[in-house]
file model.cif (mmCIF, N, CA and C atoms and all ligand atoms)
data_input
loop_
_atom_site.label_atom_id
_atom_site.label_comp_id
_atom_site.auth_asym_id
_atom_site.auth_seq_id
_atom_site.Cartn_x
_atom_site.Cartn_y
_atom_site.Cartn_z
N MET A 12 -10.77 128.97 59.46
CA MET A 12 -10.41 128.94 58.03
C MET A 12 -9.22 127.99 57.81
N ALA A 13 -8.20 128.20 58.58
CA ALA A 13 -7.02 127.34 58.45
C ALA A 13 -7.38 125.90 58.77
N GLU A 14 -8.25 125.74 59.78
CA GLU A 14 -8.66 124.39 60.16
C GLU A 14 -9.43 123.71 59.04
N GLN A 15 -10.29 124.48 58.39
CA GLN A 15 -11.06 123.94 57.27
C GLN A 15 -10.15 123.45 56.16
N ALA A 16 -9.17 124.25 55.82
CA ALA A 16 -8.24 123.89 54.75
C ALA A 16 -7.51 122.61 55.13
N GLN A 17 -7.16 122.52 56.39
CA GLN A 17 -6.43 121.34 56.87
C GLN A 17 -7.31 120.10 56.75
N ALA A 18 -8.58 120.26 57.15
CA ALA A 18 -9.50 119.13 57.11
C ALA A 18 -9.66 118.63 55.68
N ALA A 19 -9.81 119.56 54.74
CA ALA A 19 -10.00 119.19 53.35
C ALA A 19 -8.75 118.53 52.78
N ASP A 20 -7.65 118.77 53.44
CA ASP A 20 -6.36 118.37 52.92
C ASP A 20 -5.78 117.18 53.69
N SER A 21 -6.62 116.51 54.46
CA SER A 21 -6.06 115.53 55.39
C SER A 21 -6.08 114.11 54.85
N GLY A 22 -6.49 113.92 53.61
CA GLY A 22 -6.59 112.58 53.06
C GLY A 22 -5.25 111.95 52.77
N PRO A 23 -5.29 110.67 52.41
CA PRO A 23 -4.05 109.99 52.06
C PRO A 23 -3.42 110.56 50.79
N ARG A 24 -2.13 110.38 50.69
CA ARG A 24 -1.38 110.92 49.55
C ARG A 24 -0.84 109.79 48.69
N PRO A 25 -1.14 109.82 47.39
CA PRO A 25 -0.53 108.81 46.51
C PRO A 25 0.98 109.03 46.41
N ILE A 26 1.70 107.93 46.29
CA ILE A 26 3.16 107.99 46.27
C ILE A 26 3.68 108.54 44.94
N VAL A 27 2.90 108.37 43.88
CA VAL A 27 3.27 108.93 42.57
C VAL A 27 2.08 109.71 42.04
N PRO A 28 2.32 110.76 41.26
CA PRO A 28 1.20 111.60 40.82
C PRO A 28 0.21 110.89 39.91
N PHE A 29 0.63 109.82 39.24
CA PHE A 29 -0.32 109.15 38.33
C PHE A 29 -1.15 108.08 39.03
N LEU A 30 -0.97 107.92 40.34
CA LEU A 30 -1.88 107.07 41.12
C LEU A 30 -2.98 107.95 41.69
N LYS A 31 -4.23 107.64 41.32
CA LYS A 31 -5.37 108.39 41.85
C LYS A 31 -6.14 107.48 42.78
N LEU A 32 -6.63 108.04 43.87
CA LEU A 32 -7.28 107.21 44.89
C LEU A 32 -8.80 107.28 44.83
N GLN A 33 -9.34 108.26 44.11
CA GLN A 33 -10.79 108.45 44.04
C GLN A 33 -11.28 108.35 42.60
N PRO A 34 -12.49 107.86 42.33
CA PRO A 34 -13.42 107.28 43.31
C PRO A 34 -12.97 105.92 43.80
N LYS A 35 -12.18 105.19 42.98
CA LYS A 35 -11.48 104.02 43.49
C LYS A 35 -10.07 104.07 42.91
N PRO A 36 -9.13 103.40 43.59
CA PRO A 36 -7.73 103.54 43.15
C PRO A 36 -7.52 103.12 41.70
N HIS A 37 -6.84 103.95 40.96
CA HIS A 37 -6.51 103.63 39.57
C HIS A 37 -5.29 104.44 39.14
N LEU A 38 -4.69 104.01 38.06
CA LEU A 38 -3.57 104.75 37.49
C LEU A 38 -4.10 105.62 36.36
N MET A 39 -3.43 106.74 36.16
CA MET A 39 -3.83 107.65 35.10
C MET A 39 -2.80 107.63 33.98
N GLY A 40 -3.31 107.64 32.78
CA GLY A 40 -2.45 107.77 31.62
C GLY A 40 -2.93 108.92 30.78
N SER A 41 -2.26 109.12 29.67
CA SER A 41 -2.70 110.12 28.70
C SER A 41 -2.74 109.46 27.33
N LYS A 42 -3.75 109.83 26.58
CA LYS A 42 -3.88 109.31 25.23
C LYS A 42 -3.50 110.41 24.25
N CYS A 43 -2.61 110.04 23.35
CA CYS A 43 -2.16 111.01 22.35
C CYS A 43 -3.31 111.28 21.38
N GLY A 44 -3.65 112.56 21.23
CA GLY A 44 -4.75 112.93 20.34
C GLY A 44 -4.40 112.76 18.88
N ASN A 45 -3.12 112.63 18.59
CA ASN A 45 -2.68 112.50 17.20
C ASN A 45 -2.64 111.05 16.74
N CYS A 46 -1.96 110.18 17.52
CA CYS A 46 -1.79 108.79 17.06
C CYS A 46 -2.51 107.77 17.94
N GLY A 47 -3.05 108.20 19.08
CA GLY A 47 -3.83 107.29 19.91
C GLY A 47 -3.02 106.47 20.90
N LEU A 48 -1.70 106.63 20.89
CA LEU A 48 -0.86 105.90 21.85
C LEU A 48 -1.22 106.33 23.27
N VAL A 49 -1.30 105.34 24.17
CA VAL A 49 -1.58 105.65 25.58
C VAL A 49 -0.28 105.54 26.36
N LEU A 50 -0.01 106.55 27.13
CA LEU A 50 1.22 106.62 27.92
C LEU A 50 0.86 106.70 29.39
N LEU A 51 1.72 106.13 30.22
CA LEU A 51 1.52 106.24 31.65
C LEU A 51 1.82 107.67 32.08
N ASP A 52 1.06 108.15 33.06
CA ASP A 52 1.29 109.48 33.62
C ASP A 52 0.59 110.55 32.77
N THR A 53 0.37 111.68 33.37
CA THR A 53 -0.36 112.74 32.67
C THR A 53 0.50 113.97 32.47
N SER A 54 1.79 113.83 32.73
CA SER A 54 2.65 115.02 32.63
C SER A 54 3.62 114.92 31.45
N ARG A 55 3.24 114.15 30.43
CA ARG A 55 4.10 113.99 29.26
C ARG A 55 4.21 115.30 28.49
N VAL A 56 5.39 115.56 27.98
CA VAL A 56 5.54 116.74 27.13
C VAL A 56 5.49 116.37 25.65
N ALA A 57 5.73 115.08 25.35
CA ALA A 57 5.67 114.67 23.96
C ALA A 57 5.29 113.20 23.87
N CYS A 58 4.64 112.83 22.77
CA CYS A 58 4.29 111.44 22.53
C CYS A 58 5.55 110.70 22.09
N SER A 59 5.77 109.50 22.69
CA SER A 59 7.00 108.77 22.36
C SER A 59 6.90 108.07 21.01
N ARG A 60 5.72 108.03 20.41
CA ARG A 60 5.60 107.39 19.09
C ARG A 60 5.59 108.42 17.97
N CYS A 61 4.75 109.45 18.09
CA CYS A 61 4.62 110.38 16.95
C CYS A 61 5.23 111.74 17.23
N GLY A 62 5.62 111.99 18.48
CA GLY A 62 6.28 113.24 18.78
C GLY A 62 5.35 114.41 19.02
N ALA A 63 4.03 114.18 18.95
CA ALA A 63 3.08 115.27 19.20
C ALA A 63 3.31 115.86 20.59
N THR A 64 3.21 117.16 20.71
CA THR A 64 3.46 117.81 21.99
C THR A 64 2.18 118.37 22.61
N GLU A 65 1.05 118.18 21.95
CA GLU A 65 -0.21 118.64 22.54
C GLU A 65 -1.33 117.71 22.12
N GLY A 66 -2.48 117.92 22.74
CA GLY A 66 -3.65 117.11 22.40
C GLY A 66 -3.74 115.83 23.21
N PHE A 67 -3.02 115.76 24.33
CA PHE A 67 -3.15 114.58 25.19
C PHE A 67 -4.44 114.65 25.99
N LYS A 68 -5.10 113.51 26.09
CA LYS A 68 -6.32 113.45 26.91
C LYS A 68 -6.08 112.51 28.08
N PRO A 69 -6.42 112.94 29.30
CA PRO A 69 -6.25 112.04 30.44
C PRO A 69 -7.14 110.81 30.29
N LEU A 70 -6.62 109.67 30.69
CA LEU A 70 -7.35 108.42 30.54
C LEU A 70 -7.13 107.58 31.79
N ALA A 71 -8.23 107.17 32.44
CA ALA A 71 -8.13 106.28 33.59
C ALA A 71 -7.78 104.89 33.08
N LEU A 72 -6.74 104.31 33.62
CA LEU A 72 -6.26 103.00 33.15
C LEU A 72 -6.93 101.88 33.92
N SER A 73 -6.97 100.73 33.30
CA SER A 73 -7.54 99.54 33.93
C SER A 73 -6.73 99.15 35.15
N ASP A 74 -7.40 98.59 36.15
CA ASP A 74 -6.68 98.11 37.33
C ASP A 74 -6.32 96.63 37.18
N LYS A 75 -6.53 96.09 35.98
CA LYS A 75 -6.16 94.70 35.73
C LYS A 75 -5.18 94.64 34.57
N GLY A 76 -4.23 93.70 34.68
CA GLY A 76 -3.26 93.55 33.62
C GLY A 76 -2.65 92.17 33.66
N LYS A 77 -1.52 92.04 32.96
CA LYS A 77 -0.82 90.75 32.91
C LYS A 77 0.66 91.00 33.12
N VAL A 78 1.29 90.06 33.83
CA VAL A 78 2.74 90.18 34.04
C VAL A 78 3.45 89.92 32.72
N TYR A 79 4.27 90.86 32.31
CA TYR A 79 5.05 90.70 31.08
C TYR A 79 6.40 90.06 31.41
N VAL A 80 7.07 90.60 32.39
CA VAL A 80 8.37 90.08 32.80
C VAL A 80 8.56 90.44 34.26
N PHE A 81 9.36 89.66 34.96
CA PHE A 81 9.55 89.97 36.38
C PHE A 81 10.97 89.63 36.81
N SER A 82 11.31 90.09 37.97
CA SER A 82 12.61 89.81 38.54
C SER A 82 12.45 89.71 40.05
N VAL A 83 13.24 88.85 40.66
CA VAL A 83 13.21 88.74 42.12
C VAL A 83 14.36 89.58 42.67
N VAL A 84 14.01 90.51 43.53
CA VAL A 84 15.00 91.42 44.10
C VAL A 84 15.47 90.88 45.44
N HIS A 85 16.80 90.70 45.54
CA HIS A 85 17.36 90.17 46.78
C HIS A 85 18.06 91.23 47.61
N GLN A 86 18.42 92.32 46.99
CA GLN A 86 19.09 93.39 47.73
C GLN A 86 18.38 94.69 47.43
N SER A 87 18.07 95.42 48.50
CA SER A 87 17.39 96.69 48.29
C SER A 87 17.89 97.69 49.33
N PHE A 88 17.16 98.78 49.47
CA PHE A 88 17.55 99.81 50.42
C PHE A 88 17.39 99.28 51.85
N PRO A 89 18.14 99.85 52.78
CA PRO A 89 17.95 99.44 54.18
C PRO A 89 16.49 99.61 54.59
N GLY A 90 15.96 98.62 55.27
CA GLY A 90 14.58 98.71 55.73
C GLY A 90 13.57 98.11 54.77
N ILE A 91 13.99 97.83 53.54
CA ILE A 91 13.09 97.18 52.58
C ILE A 91 13.31 95.68 52.68
N LYS A 92 12.21 94.97 52.95
CA LYS A 92 12.30 93.53 53.14
C LYS A 92 12.52 92.83 51.79
N THR A 93 13.48 91.95 51.74
CA THR A 93 13.74 91.17 50.53
C THR A 93 13.62 89.68 50.88
N PRO A 94 13.48 88.78 49.94
CA PRO A 94 13.31 89.09 48.51
C PRO A 94 11.88 89.53 48.20
N TYR A 95 11.74 90.27 47.11
CA TYR A 95 10.40 90.60 46.63
C TYR A 95 10.41 90.56 45.11
N ILE A 96 9.22 90.58 44.54
CA ILE A 96 9.08 90.46 43.09
C ILE A 96 8.76 91.82 42.50
N THR A 97 9.56 92.23 41.53
CA THR A 97 9.24 93.43 40.78
C THR A 97 8.96 93.00 39.35
N ALA A 98 8.04 93.69 38.71
CA ALA A 98 7.59 93.22 37.40
C ALA A 98 7.20 94.38 36.50
N ILE A 99 7.12 94.06 35.23
CA ILE A 99 6.49 94.96 34.27
C ILE A 99 5.11 94.35 34.00
N VAL A 100 4.09 95.14 34.27
CA VAL A 100 2.72 94.69 34.06
C VAL A 100 2.15 95.42 32.84
N ASP A 101 1.64 94.64 31.90
CA ASP A 101 1.00 95.23 30.72
C ASP A 101 -0.47 95.45 31.02
N LEU A 102 -0.94 96.66 30.77
CA LEU A 102 -2.36 96.97 30.94
C LEU A 102 -3.04 96.90 29.56
N PRO A 103 -4.35 96.66 29.55
CA PRO A 103 -5.04 96.48 28.26
C PRO A 103 -4.98 97.71 27.36
N GLU A 104 -4.72 98.87 27.93
CA GLU A 104 -4.64 100.09 27.11
C GLU A 104 -3.33 100.16 26.32
N GLY A 105 -2.44 99.18 26.55
CA GLY A 105 -1.16 99.20 25.83
C GLY A 105 -0.05 99.86 26.63
N VAL A 106 -0.33 100.14 27.89
CA VAL A 106 0.65 100.79 28.77
C VAL A 106 1.33 99.72 29.60
N SER A 107 2.62 99.87 29.83
CA SER A 107 3.34 99.00 30.74
C SER A 107 3.70 99.78 31.98
N VAL A 108 3.53 99.14 33.12
CA VAL A 108 3.84 99.82 34.37
C VAL A 108 4.72 98.93 35.23
N ARG A 109 5.72 99.54 35.84
CA ARG A 109 6.60 98.80 36.74
C ARG A 109 5.97 98.76 38.10
N SER A 110 5.94 97.59 38.71
CA SER A 110 5.27 97.45 39.99
C SER A 110 5.79 96.23 40.72
N ASN A 111 5.63 96.22 42.03
CA ASN A 111 5.89 95.00 42.77
C ASN A 111 4.68 94.08 42.65
N ILE A 112 4.96 92.77 42.74
CA ILE A 112 3.89 91.77 42.73
C ILE A 112 3.82 91.20 44.14
N ILE A 113 2.65 91.22 44.72
CA ILE A 113 2.48 90.64 46.05
C ILE A 113 1.57 89.42 45.95
N GLY A 114 1.56 88.64 47.00
CA GLY A 114 0.68 87.48 47.01
C GLY A 114 1.30 86.24 46.39
N ILE A 115 2.55 86.35 45.98
CA ILE A 115 3.29 85.20 45.46
C ILE A 115 4.63 85.19 46.19
N ASP A 116 5.02 84.03 46.66
CA ASP A 116 6.28 83.91 47.36
C ASP A 116 7.44 84.13 46.38
N ALA A 117 8.34 85.04 46.73
CA ALA A 117 9.41 85.41 45.80
C ALA A 117 10.36 84.25 45.53
N GLU A 118 10.67 83.48 46.56
CA GLU A 118 11.57 82.32 46.35
C GLU A 118 10.91 81.31 45.42
N ASP A 119 9.61 81.11 45.63
CA ASP A 119 8.86 80.18 44.80
C ASP A 119 8.80 80.68 43.35
N ALA A 120 8.66 81.99 43.18
CA ALA A 120 8.61 82.58 41.85
C ALA A 120 9.91 82.32 41.10
N GLN A 121 11.01 82.35 41.85
CA GLN A 121 12.30 82.13 41.23
C GLN A 121 12.46 80.66 40.80
N LYS A 122 11.94 79.78 41.63
CA LYS A 122 12.04 78.34 41.31
C LYS A 122 11.08 77.97 40.19
N ASN A 123 9.94 78.65 40.14
CA ASN A 123 8.88 78.34 39.17
C ASN A 123 8.48 79.57 38.38
N PRO A 124 9.39 80.08 37.57
CA PRO A 124 9.11 81.37 36.92
C PRO A 124 7.90 81.33 35.99
N LYS A 125 7.60 80.16 35.45
CA LYS A 125 6.50 80.09 34.46
C LYS A 125 5.16 80.52 35.05
N GLN A 126 5.02 80.36 36.37
CA GLN A 126 3.74 80.72 36.98
C GLN A 126 3.44 82.22 36.86
N LEU A 127 4.47 83.01 36.60
CA LEU A 127 4.24 84.45 36.56
C LEU A 127 4.01 85.03 35.17
N PHE A 128 4.62 84.45 34.16
CA PHE A 128 4.50 85.06 32.83
C PHE A 128 3.06 85.02 32.36
N ASP A 129 2.57 86.16 31.92
CA ASP A 129 1.19 86.32 31.46
C ASP A 129 0.15 86.15 32.57
N LEU A 130 0.62 86.09 33.80
CA LEU A 130 -0.31 85.93 34.91
C LEU A 130 -1.26 87.13 35.01
N PRO A 131 -2.57 86.90 35.05
CA PRO A 131 -3.51 88.01 35.24
C PRO A 131 -3.36 88.58 36.65
N VAL A 132 -3.22 89.88 36.73
CA VAL A 132 -3.03 90.53 38.03
C VAL A 132 -3.97 91.73 38.14
N GLU A 133 -4.21 92.13 39.36
CA GLU A 133 -5.03 93.32 39.58
C GLU A 133 -4.34 94.23 40.59
N MET A 134 -4.61 95.52 40.44
CA MET A 134 -3.93 96.49 41.27
C MET A 134 -4.54 96.58 42.66
N ILE A 135 -3.70 96.72 43.64
CA ILE A 135 -4.15 97.01 45.00
C ILE A 135 -3.33 98.21 45.49
N THR A 136 -3.82 98.84 46.53
CA THR A 136 -3.04 99.92 47.13
C THR A 136 -2.79 99.58 48.59
N ASN A 137 -1.72 100.10 49.11
CA ASN A 137 -1.47 99.94 50.54
C ASN A 137 -0.70 101.14 51.07
N VAL A 138 -0.90 101.37 52.35
CA VAL A 138 -0.23 102.49 53.01
C VAL A 138 1.20 102.05 53.32
N VAL A 139 2.16 102.78 52.82
CA VAL A 139 3.55 102.38 53.01
C VAL A 139 4.31 103.27 54.00
N ALA A 140 3.76 104.43 54.29
CA ALA A 140 4.48 105.34 55.17
C ALA A 140 3.53 106.46 55.59
N LYS A 141 4.04 107.33 56.45
CA LYS A 141 3.34 108.57 56.76
C LYS A 141 4.28 109.70 56.37
N ASP A 142 3.70 110.76 55.80
CA ASP A 142 4.56 111.89 55.46
C ASP A 142 4.75 112.77 56.69
N ARG A 143 5.49 113.87 56.53
CA ARG A 143 5.83 114.72 57.69
C ARG A 143 4.60 115.31 58.37
N GLU A 144 3.53 115.50 57.59
CA GLU A 144 2.30 116.05 58.18
C GLU A 144 1.39 114.97 58.74
N GLY A 145 1.83 113.72 58.66
CA GLY A 145 1.03 112.64 59.23
C GLY A 145 0.02 112.02 58.28
N HIS A 146 0.05 112.42 57.00
CA HIS A 146 -0.85 111.79 56.02
C HIS A 146 -0.33 110.41 55.65
N ASP A 147 -1.26 109.50 55.45
CA ASP A 147 -0.87 108.19 54.92
C ASP A 147 -0.33 108.35 53.50
N VAL A 148 0.78 107.70 53.22
CA VAL A 148 1.32 107.68 51.87
C VAL A 148 0.94 106.32 51.26
N VAL A 149 0.25 106.39 50.13
CA VAL A 149 -0.32 105.18 49.53
C VAL A 149 0.45 104.80 48.26
N ALA A 150 0.87 103.55 48.21
CA ALA A 150 1.56 103.02 47.04
C ALA A 150 0.66 101.98 46.37
N PHE A 151 1.06 101.55 45.18
CA PHE A 151 0.28 100.52 44.52
C PHE A 151 1.17 99.31 44.24
N ALA A 152 0.54 98.18 44.07
CA ALA A 152 1.21 96.94 43.68
C ALA A 152 0.18 96.12 42.93
N PHE A 153 0.61 95.00 42.39
CA PHE A 153 -0.34 94.11 41.74
C PHE A 153 -0.29 92.75 42.42
N LYS A 154 -1.44 92.10 42.46
CA LYS A 154 -1.52 90.75 43.02
C LYS A 154 -2.27 89.87 42.01
N PRO A 155 -2.10 88.55 42.13
CA PRO A 155 -2.82 87.67 41.20
C PRO A 155 -4.31 87.95 41.25
N SER A 156 -4.96 88.00 40.09
CA SER A 156 -6.40 88.23 40.02
C SER A 156 -7.15 87.03 40.55
N LYS A 157 -8.28 87.34 41.15
CA LYS A 157 -9.19 86.25 41.53
C LYS A 157 -9.78 85.67 40.26
N LYS A 158 -9.91 84.39 40.24
CA LYS A 158 -10.45 83.74 39.03
C LYS A 158 -11.95 84.00 38.94
ZN ZN B 201 1.27 110.16 19.33
#
call {"tool": "encode", "arguments": {"input": "model.cif", "output": "structure tokens", "more": "lines below"}}
Ligand SMILES: [Zn+2]
result
Amino acid sequence: MAEQAQAADSGPRPIVPFLKLQPKPHLMGSKCGNCGLVLLDTSRVACSRCGATEGFKPLALSDKGKVYVFSVVHQSFPGIKTPYITAIVDLPEGVSVRSNIIGIDAEDAQKNPKQLFDLPVEMITNVVAKDREGHDVVAFAFKPSKK
């Protein structure tokens, strides 16, 4: 019995609750039933536009978006490789999500910032760590979309 529970529970773990890994990796938002605003995450207590506190519907968000603004990070926590690109990515549902951008050289991004603004990007996931029980911990990032 205990073994069965363990087996069912042995999958990878998303790093944030609004990252879902099945059936394919995607972010979850909630749509306000009152005004239609879409918010990142499904644990909102109130709509930031109309103040409604109920009637939210979970909504799977697109895995494609566009870079709204970005910054090159040169100093981070010990063990985090720098420089890297962090950005605000706008999703078509009207949600903005903070994420790292991979697949673009950070130094080059700083020299040529125009290449990033409005750049079409798509979400990818990668294993960033293992938790205490040995499960893969999965994070998300965005990379330039294939044309
Ligand atoms: Zn609302």
call {"tool": "select_by_dssp", "arguments": {"input": "model.cif", "residues": "chain A", "states": "strand (DSSP E or B)", "output": "VMD selection string"}}
result
chain A and resid 24 to 25 30 to 31 37 to 42 49 to 51 68 to 71 75 to 84 95 to 101 107 to 112 131 to 141 147 to 155
call {"tool": "residues_near_ligand", "arguments": {"input": "model.cif", "ligand": "ligand ZN 201 (chain B)", "cutoff": "6 Å", "atoms": "only N, CA and C atoms and all ligand atoms", "output": "VMD selection string"}}
result
chain A and resid 43 to 48 58 to 63
call {"tool": "closest_atom_pairs", "arguments": {"input": "model.cif", "of": "range 90-125 of chain A", "to": "range 66-72 of chain A", "cutoff": "8 Å", "atoms": "all atoms listed in the file", "output": "CSV"}}
result
residue,atom,partner,partner_atom,distance
A:Leu102,CA,A:Leu72,C,7.3
A:Pro103,N,A:Leu72,C,7.3
A:Glu104,N,A:Leu72,CA,6.8
call {"tool": "select_by_dssp", "arguments": {"input": "model.cif", "residues": "range 28-145 of chain A", "states": "helix (DSSP H, G or I)", "output": "NGL selection string"}}
result
:A and (117-122 or 124-126)
call {"tool": "write_last_selection", "arguments": {"input": "model.cif", "atoms": "N, CA and C atoms", "output": "mmCIF file, in the coordinates of the input"}}
result
data_model
loop_
_atom_site.group_PDB
_atom_site.id
_atom_site.type_symbol
_atom_site.label_atom_id
_atom_site.label_comp_id
_atom_site.auth_asym_id
_atom_site.auth_seq_id
_atom_site.Cartn_x
_atom_site.Cartn_y
_atom_site.Cartn_z
ATOM 1 N N ALA A 117 8.340 85.040 46.730
ATOM 2 C CA ALA A 117 9.410 85.410 45.800
ATOM 3 C C ALA A 117 10.360 84.250 45.530
ATOM 4 N N GLU A 118 10.670 83.480 46.560
ATOM 5 C CA GLU A 118 11.570 82.320 46.350
ATOM 6 C C GLU A 118 10.910 81.310 45.420
ATOM 7 N N ASP A 119 9.610 81.110 45.630
ATOM 8 C CA ASP A 119 8.860 80.180 44.800
ATOM 9 C C ASP A 119 8.800 80.680 43.350
ATOM 10 N N ALA A 120 8.660 81.990 43.180
ATOM 11 C CA ALA A 120 8.610 82.580 41.850
ATOM 12 C C ALA A 120 9.910 82.320 41.100
ATOM 13 N N GLN A 121 11.010 82.350 41.850
ATOM 14 C CA GLN A 121 12.300 82.130 41.230
ATOM 15 C C GLN A 121 12.460 80.660 40.800
ATOM 16 N N LYS A 122 11.940 79.780 41.630
ATOM 17 C CA LYS A 122 12.040 78.340 41.310
ATOM 18 C C LYS A 122 11.080 77.970 40.190
ATOM 19 N N PRO A 124 9.390 80.080 37.570
ATOM 20 C CA PRO A 124 9.110 81.370 36.920
ATOM 21 C C PRO A 124 7.900 81.330 35.990
ATOM 22 N N LYS A 125 7.600 80.160 35.450
ATOM 23 C CA LYS A 125 6.500 80.090 34.460
ATOM 24 C C LYS A 125 5.160 80.520 35.050
ATOM 25 N N GLN A 126 5.020 80.360 36.370
ATOM 26 C CA GLN A 126 3.740 80.720 36.980
ATOM 27 C C GLN A 126 3.440 82.220 36.860
#
call {"tool": "residues_around", "arguments": {"input": "model.cif", "residues": "Leu38 in chain A", "least_positions_apart": "3", "cutoff": "8 Å", "atoms": "only N, CA and C atoms", "output": "PyMOL selection string"}}
result
chain A and resi 28-32+35+41+51-52+70-74
call {"tool": "write_last_selection", "arguments": {"input": "model.cif", "atoms": "N, CA and C atoms", "output": "PDB file, in the frame of the given file"}}
result
ATOM      1  N   PRO A  28       2.320 110.760  41.260  1.00  0.00           N
ATOM      2  CA  PRO A  28       1.200 111.600  40.820  1.00  0.00           C
ATOM      3  C   PRO A  28       0.210 110.890  39.910  1.00  0.00           C
ATOM      4  N   PHE A  29       0.630 109.820  39.240  1.00  0.00           N
ATOM      5  CA  PHE A  29      -0.320 109.150  38.330  1.00  0.00           C
ATOM      6  C   PHE A  29      -1.150 108.080  39.030  1.00  0.00           C
ATOM      7  N   LEU A  30      -0.970 107.920  40.340  1.00  0.00           N
ATOM      8  CA  LEU A  30      -1.880 107.070  41.120  1.00  0.00           C
ATOM      9  C   LEU A  30      -2.980 107.950  41.690  1.00  0.00           C
ATOM     10  N   LYS A  31      -4.230 107.640  41.320  1.00  0.00           N
ATOM     11  CA  LYS A  31      -5.370 108.390  41.850  1.00  0.00           C
ATOM     12  C   LYS A  31      -6.140 107.480  42.780  1.00  0.00           C
ATOM     13  N   LEU A  32      -6.630 108.040  43.870  1.00  0.00           N
ATOM     14  CA  LEU A  32      -7.280 107.210  44.890  1.00  0.00           C
ATOM     15  C   LEU A  32      -8.800 107.280  44.830  1.00  0.00           C
ATOM     16  N   LYS A  35     -12.180 105.190  42.980  1.00  0.00           N
ATOM     17  CA  LYS A  35     -11.480 104.020  43.490  1.00  0.00           C
ATOM     18  C   LYS A  35     -10.070 104.070  42.910  1.00  0.00           C
ATOM     19  N   SER A  41      -2.260 109.120  29.670  1.00  0.00           N
ATOM     20  CA  SER A  41      -2.700 110.120  28.700  1.00  0.00           C
ATOM     21  C   SER A  41      -2.740 109.460  27.330  1.00  0.00           C
ATOM     22  N   LEU A  51       1.720 106.130  30.220  1.00  0.00           N
ATOM     23  CA  LEU A  51       1.520 106.240  31.650  1.00  0.00           C
ATOM     24  C   LEU A  51       1.820 107.670  32.080  1.00  0.00           C
ATOM     25  N   ASP A  52       1.060 108.150  33.060  1.00  0.00           N
ATOM     26  CA  ASP A  52       1.290 109.480  33.620  1.00  0.00           C
ATOM     27  C   ASP A  52       0.590 110.550  32.770  1.00  0.00           C
ATOM     28  N   LEU A  70      -6.620 109.670  30.690  1.00  0.00           N
ATOM     29  CA  LEU A  70      -7.350 108.420  30.540  1.00  0.00           C
ATOM     30  C   LEU A  70      -7.130 107.580  31.790  1.00  0.00           C
ATOM     31  N   ALA A  71      -8.230 107.170  32.440  1.00  0.00           N
ATOM     32  CA  ALA A  71      -8.130 106.280  33.590  1.00  0.00           C
ATOM     33  C   ALA A  71      -7.780 104.890  33.080  1.00  0.00           C
ATOM     34  N   LEU A  72      -6.740 104.310  33.620  1.00  0.00           N
ATOM     35  CA  LEU A  72      -6.260 103.000  33.150  1.00  0.00           C
ATOM     36  C   LEU A  72      -6.930 101.880  33.920  1.00  0.00           C
ATOM     37  N   SER A  73      -6.970 100.730  33.300  1.00  0.00           N
ATOM     38  CA  SER A  73      -7.540  99.540  33.930  1.00  0.00           C
ATOM     39  C   SER A  73      -6.730  99.150  35.150  1.00  0.00           C
ATOM     40  N   ASP A  74      -7.400  98.590  36.150  1.00  0.00           N
ATOM     41  CA  ASP A  74      -6.680  98.110  37.330  1.00  0.00           C
ATOM     42  C   ASP A  74      -6.320  96.630  37.180  1.00  0.00           C
TER      43      ASP A  74
END
